[in-house]
Amino acid sequence: MRKPLILLLSIILFINASKAQQQSLNSAGILLALKKLNTFGTALYIAAHPDDENTRLISWLANEKCVRTGYLSMTRGDGGQNLIGDQQGELLGLIRTQELLAARRVDGAEQFFTRANDFGFSKNPEETFRIWNKDSVLADAVWTIRKFRPDVMITRFATDGSGGHGHHTASAILAEEAFVAAADPNRFPEQLKFVKPWQAKRLLYNNAARFWNPNADMTGNIATEVGQFNPMLGKSYGELAGESRSMHKSQGFGSARTRGSVVEYFKPIKGDAIDADIFDGIDLSANRVDGAETFKQWAKKAESEFLADEPATIVPDLLEAYKALELINDDYWKELKRKELESLLIACSGIYLEATATEYAVTPGQPVKLNISAINRSDVLVTLEKILSPQGGNSSPKKQLDKDQAHKEEKTFTLNANLAYNNPYWLAEKHSEGLFTVKDRMLIGLAESPAALQVQFVLSFSGQRITINKPVLYRWVDPVDGELYRPMQITPPVMINLDAKAYVFPNKSSRKVNIVLKAGKENCAGLLKLDLPQNWRSNPASIPFSLQNKDEEQNFEFEVIPPSENSVAYLKAVAEIDGVKYSKGQTIIDYKHIPIQTLFLEAEAKLVRFDLNRKMQNIGYIKGAGDEVPHSLEQLGYQVKFLSDAMLSNGVDLSVYDAIVVGIRAYNTNDRMKHYYSKLMNYVKNGGNLIVQYNTNNFIGGVKSEIGPYPFAIGRDRVTDEAAEVRFDLPKHKVLNSPNKITANDFDGWIQERGIYFASDWDKNYETPLSLNDPNEKSLLGSTLITKYGKGHFIYSGLAFFRELPAGVPGAYRLFVNMIELGK
């Protein structure tokens, strides 16, 4: 059982090292690490999504109580909205995963996940469990508990539904069941080849009632002060929490740093009784571990003798503690404290180790050149015993590291020809709506994939050997941001990028499909073609290509000819080189608050042939929080012009546009929308159509302007069942009849939801042509408001066009065109 445990801890080290820039512990950080070295306790926080975690409490657990702290998020937040870009679904989940890791780097905790996919808002746990496959997600929670071995488990939400979201309630139910199941050897016995059953001491609910109601009765809850100031960090836990939570930028969760007393409340759910402290009855010292007495003596001595301006003086004590690890009779604590000690030895000695590649992307079978450096910035006697390259390369000769004398060397090796492309592990296989597919059990629960390549540095401190694994990174100097790092990428020899996720054919006419081919290595030559289903054709059938240089790109164009009848199908772009077929595209996600993310997904797209009538031509588009609706409208033949703040502020003539569409959450994110209100209303009055997509009205941010010509509010109503019946309350309304006749069939095939943030409290001048509701709920009229104003029309719609149009849903296109061309 020891090897899987070592693998887990090693992976954690790799992950922490793969951030955008490498960091070293300062003296305050070393002192805090020493306190953690002398603490033997664990706490696991459990909730449903990125940003659900209580960052103040997590900061307090990790840095005040100094226990090993983890956050288990059931999902990666794939189904949420994106405030900073147009990524949705899997790509948004990847962003939010990295935002959680950025938050954990601030507050000092670790991050874990189950395989559950965030399929969007759910109103009850029953639906959540049906889509997730409850037993699979429960198994993942048990797996994490058995590996992490928490003394205390804490849930963010209760099982009574007060958390609002079905995922929230489900996370609390799973926590309660996993608390019991993790200790039962008869539950998920296949895990016991790698881990042992584990019984946490207690399960607590981090009661948030006071957050919603300052006068809530907290009788029966344990009150704990968590607002303390930590002089080692120079911050209170409220300040640390604000910085941590502000990493959730895609959710718009920038938070203020708070200072002063803050009390958290805990309701006992299961396990041992509690008196005044959530760790009551739990020994957080080395006394709890058999054979740790000698380790305890040296670790305590190192902490008491630590000098901020001379951290190297405690290296002998740390080495004695390292030797004493062999006396510990608990593999979990032995390996955890081993890694902590190795990090402290490196930090106290001022040792810097680095392995960087001369290129950030390499193809299997190709050579890789590494620049490796090691430097000892203290008087500690350290010997570099050897350096082992990836894939078992030759080791370097033994050498003493003299103070401030950098050891540098270059190594070149050839990548294994069968090395896999380093996709995020949970996206490597096709997955269901509710559950990611992960074939390697040891990866389940991890926040991200292990580093693709790593170098081993074997160091000797007075004869005591330690091995430090460093990921191979790419380093460059940005003229603005300075020295930066990104993870090393293993790429296909050729990458195929389509210009859309769905191609729509609103009539029998053919259309162009544009492809960008990028070389992952030199001298890529072959044949590019589209694999198409029956009755679909391309012209030409194939195109030869030749890319001489690595990273060279070429553009190719196919004419795709649809069948005469309506059809939904899929195409795959394939490049064949020397008889081998490649069909991966390359997607790069680059935001400054997280490391650059690269993934290689299948070069596939949806093909949709349907009938649609369109007459108008010119559309103005006001960007919101980011969506792909403009590109979708261009596929229909509309000419879409983005209306910038400068254009709207400087008297641009809006009359040239047949309709103006406002992007999602524009009134939440753009303070200047209030200045355009009169201009937009005059545009409508003079004959234009203005379509406003959904805006939110919640604690993250409300609407900052009037929106329509008559009053209405943005409510919280939504319909999450994408197959919910849509009723035509005004069947003769033009929006349902011209230029396309809308029927019930137009609401087939919608994804994730019908709509969100419906209107409420609207003026009598608005018409509501549609009604819909989730099962067993009241009928809702506010999905779409329409009013004639002057010669034109104003429409507010919470229907999820921002999801449906990029997904190629025919009926969503037909209805949106009717809104654009209403009254024309």
# chains A, B, ... in the order shown; residues from 1 in each chain; ligands from 1
>>> select_by_dssp(residues="region 105-193 of chain A", states="strand (DSSP E)", output="JSON, numbers by chain")
{"A": [110, 111, 112, 113, 152, 153, 154, 155]}
>>> residues_around(residues="Asn682 (chain A)", least_positions_apart="3", cutoff="12 Å", atoms="only C-alpha atoms", output="PyMOL selection string")
chain A and resi 653-655+676-679+685-690+708-709+789-794
>>> closest_residue(among="A:Val719, A:Leu435, A:Ala28, A:Ile468", to="Asn230 (chain A)", atoms="only C-alpha atoms")
A:Ala28
>>> select_by_dssp(residues="region 50-89 of chain A", states="alpha helix (DSSP H)", output="PyMOL selection string")
chain A and resi 55-63
>>> closest_residue(among="A:Phe556, A:Phe253, A:Tyr332, A:Trp536", to="Asn82 (chain A)", atoms="only C-alpha atoms")
A:Phe253
>>> closest_residue(among="A:Ser449, A:Ser73, A:Asn423, A:Thr467", to="Lys386 (chain A)", atoms="only C-alpha atoms")
A:Thr467
>>> closest_residue(among="A:Leu341, A:Leu203, A:Ile466, A:Ile664", to="Ala273 (chain A)", atoms="only C-alpha atoms")
A:Leu203
>>> closest_residue(among="A:Met247, A:Ala299, A:Leu484, A:Ile543", to="Gln98 (chain A)", atoms="only C-alpha atoms")
A:Met247
>>> residues_around(residues="Phe505 (chain A)", least_positions_apart="2", cutoff="6 Å", atoms="only C-alpha atoms", output="list in words")
Asn507, Val608 and Arg609 of chain A
>>> residues_around(residues="His407 (chain A)", least_positions_apart="3", cutoff="9 Å", atoms="only C-alpha atoms", output="PyMOL selection string")
chain A and resi 372-375+399+401
>>> residues_around(residues="Ala361 (chain A)", least_positions_apart="4", cutoff="8 Å", atoms="only C-alpha atoms", output="PyMOL selection string")
chain A and resi 488-491+520
>>> write_last_selection(atoms="all heavy atoms", output="mmCIF file, in the first residue's frame")
data_model
loop_
_atom_site.group_PDB
_atom_site.id
_atom_site.type_symbol
_atom_site.label_atom_id
_atom_site.label_comp_id
_atom_site.auth_asym_id
_atom_site.auth_seq_id
_atom_site.Cartn_x
_atom_site.Cartn_y
_atom_site.Cartn_z
ATOM 1 N N MET A 488 4.935 22.247 -19.702
ATOM 2 C CA MET A 488 5.424 21.618 -20.930
ATOM 3 C C MET A 488 4.306 20.820 -21.576
ATOM 4 O O MET A 488 3.530 20.140 -20.901
ATOM 5 C CB MET A 488 6.585 20.692 -20.566
ATOM 6 C CG MET A 488 7.208 19.984 -21.724
ATOM 7 S SD MET A 488 8.208 21.103 -22.701
ATOM 8 C CE MET A 488 8.719 19.998 -24.009
ATOM 9 N N GLN A 489 4.208 20.902 -22.910
ATOM 10 C CA GLN A 489 3.132 20.242 -23.627
ATOM 11 C C GLN A 489 3.661 19.145 -24.534
ATOM 12 O O GLN A 489 4.659 19.328 -25.230
ATOM 13 C CB GLN A 489 2.355 21.258 -24.469
ATOM 14 C CG GLN A 489 1.659 22.327 -23.660
ATOM 15 C CD GLN A 489 0.648 21.745 -22.699
ATOM 16 O OE1 GLN A 489 -0.118 20.856 -23.062
ATOM 17 N NE2 GLN A 489 0.647 22.227 -21.484
ATOM 18 N N ILE A 490 2.980 18.002 -24.517
ATOM 19 C CA ILE A 490 3.239 16.917 -25.461
ATOM 20 C C ILE A 490 2.113 16.969 -26.487
ATOM 21 O O ILE A 490 0.948 16.745 -26.154
ATOM 22 C CB ILE A 490 3.266 15.547 -24.767
ATOM 23 C CG1 ILE A 490 4.180 15.606 -23.532
ATOM 24 C CG2 ILE A 490 3.705 14.473 -25.737
ATOM 25 C CD1 ILE A 490 5.604 15.979 -23.836
ATOM 26 N N THR A 491 2.442 17.281 -27.733
ATOM 27 C CA THR A 491 1.421 17.593 -28.730
ATOM 28 C C THR A 491 1.411 16.580 -29.869
ATOM 29 O O THR A 491 2.399 15.882 -30.109
ATOM 30 C CB THR A 491 1.665 18.996 -29.328
ATOM 31 O OG1 THR A 491 2.756 18.917 -30.256
ATOM 32 C CG2 THR A 491 1.996 20.009 -28.256
ATOM 33 N N GLY A 520 3.123 20.332 -35.393
ATOM 34 C CA GLY A 520 3.762 20.120 -34.099
ATOM 35 C C GLY A 520 5.224 19.760 -34.221
ATOM 36 O O GLY A 520 5.934 19.660 -33.215
#
>>> closest_residue(among="A:Lys201, A:Arg465, A:Arg614, A:Lys296", to="Ile269 (chain A)", atoms="only C-alpha atoms")
A:Lys201
>>> residues_around(residues="Lys518 (chain A)", least_positions_apart="4", cutoff="9 Å", atoms="only C-alpha atoms", output="ChimeraX atom specification")
/A:493-497,547,550-554,585-586
>>> residues_around(residues="region 291-295 of chain A", least_positions_apart="2", cutoff="8 Å", atoms="only C-alpha atoms", output="list of chain:residue names")
A:Ala286, A:Asn287, A:Val289, A:Gln297, A:Trp298, A:Ala299, A:Glu320, A:Ala321, A:Tyr322, A:Ala324, A:Leu325, A:Leu327, A:Ile328, A:Asn329
>>> write_last_selection(atoms="N, CA, C and O atoms", output="short mmCIF file (atom, residue, chain, number, x, y, z; two decimals), in the first residue's frame")
data_model
loop_
_atom_site.label_atom_id
_atom_site.label_comp_id
_atom_site.auth_asym_id
_atom_site.auth_seq_id
_atom_site.Cartn_x
_atom_site.Cartn_y
_atom_site.Cartn_z
N ALA A 286 2.23 14.92 17.61
CA ALA A 286 2.85 13.66 17.19
C ALA A 286 2.56 12.53 18.17
O ALA A 286 2.79 11.35 17.83
N ASN A 287 2.02 12.85 19.33
CA ASN A 287 1.72 11.80 20.33
C ASN A 287 0.71 10.78 19.81
O ASN A 287 0.63 9.67 20.30
N VAL A 289 0.72 9.31 17.03
CA VAL A 289 1.31 8.39 16.05
C VAL A 289 2.34 7.51 16.73
O VAL A 289 3.29 8.01 17.37
N GLN A 297 10.67 15.25 18.98
CA GLN A 297 11.71 15.99 19.70
C GLN A 297 12.51 16.87 18.75
O GLN A 297 12.77 18.04 19.03
N TRP A 298 12.92 16.29 17.61
CA TRP A 298 13.75 17.06 16.68
C TRP A 298 12.93 18.11 15.93
O TRP A 298 13.42 19.21 15.67
N ALA A 299 11.69 17.80 15.58
CA ALA A 299 10.85 18.78 14.89
C ALA A 299 10.55 19.97 15.79
O ALA A 299 10.57 21.13 15.35
N GLU A 320 17.96 15.26 11.51
CA GLU A 320 17.70 14.27 12.56
C GLU A 320 16.23 13.85 12.55
O GLU A 320 15.90 12.67 12.74
N ALA A 321 15.35 14.81 12.34
CA ALA A 321 13.92 14.48 12.24
C ALA A 321 13.67 13.57 11.03
O ALA A 321 12.84 12.65 11.09
N TYR A 322 14.40 13.83 9.96
CA TYR A 322 14.24 13.01 8.75
C TYR A 322 14.65 11.56 9.02
O TYR A 322 13.97 10.63 8.59
N ALA A 324 14.54 10.13 11.88
CA ALA A 324 13.58 9.56 12.83
C ALA A 324 12.29 9.12 12.17
O ALA A 324 11.47 8.42 12.79
N LEU A 325 12.08 9.50 10.90
CA LEU A 325 10.88 9.06 10.19
C LEU A 325 10.78 7.54 10.12
O LEU A 325 9.68 6.98 10.12
N LEU A 327 11.24 5.46 12.29
CA LEU A 327 10.69 4.88 13.50
C LEU A 327 9.17 4.98 13.55
O LEU A 327 8.52 4.34 14.39
N ILE A 328 8.59 5.78 12.66
CA ILE A 328 7.14 5.99 12.67
C ILE A 328 6.44 4.79 12.07
O ILE A 328 6.81 4.31 10.99
N ASN A 329 5.43 4.29 12.75
CA ASN A 329 4.73 3.08 12.31
C ASN A 329 3.40 3.37 11.63
O ASN A 329 2.43 2.63 11.80
#
>>> atom_distance(atom1="CA of Glu559 (chain A)", atom2="CA of Pro739 (chain A)")
27.4 Å
>>> atom_distance(atom1="CA of Ser343 (chain A)", atom2="CA of Arg245 (chain A)")
26.3 Å
>>> atom_distance(atom1="CA of Asp402 (chain A)", atom2="CA of Phe306 (chain A)")
22.9 Å
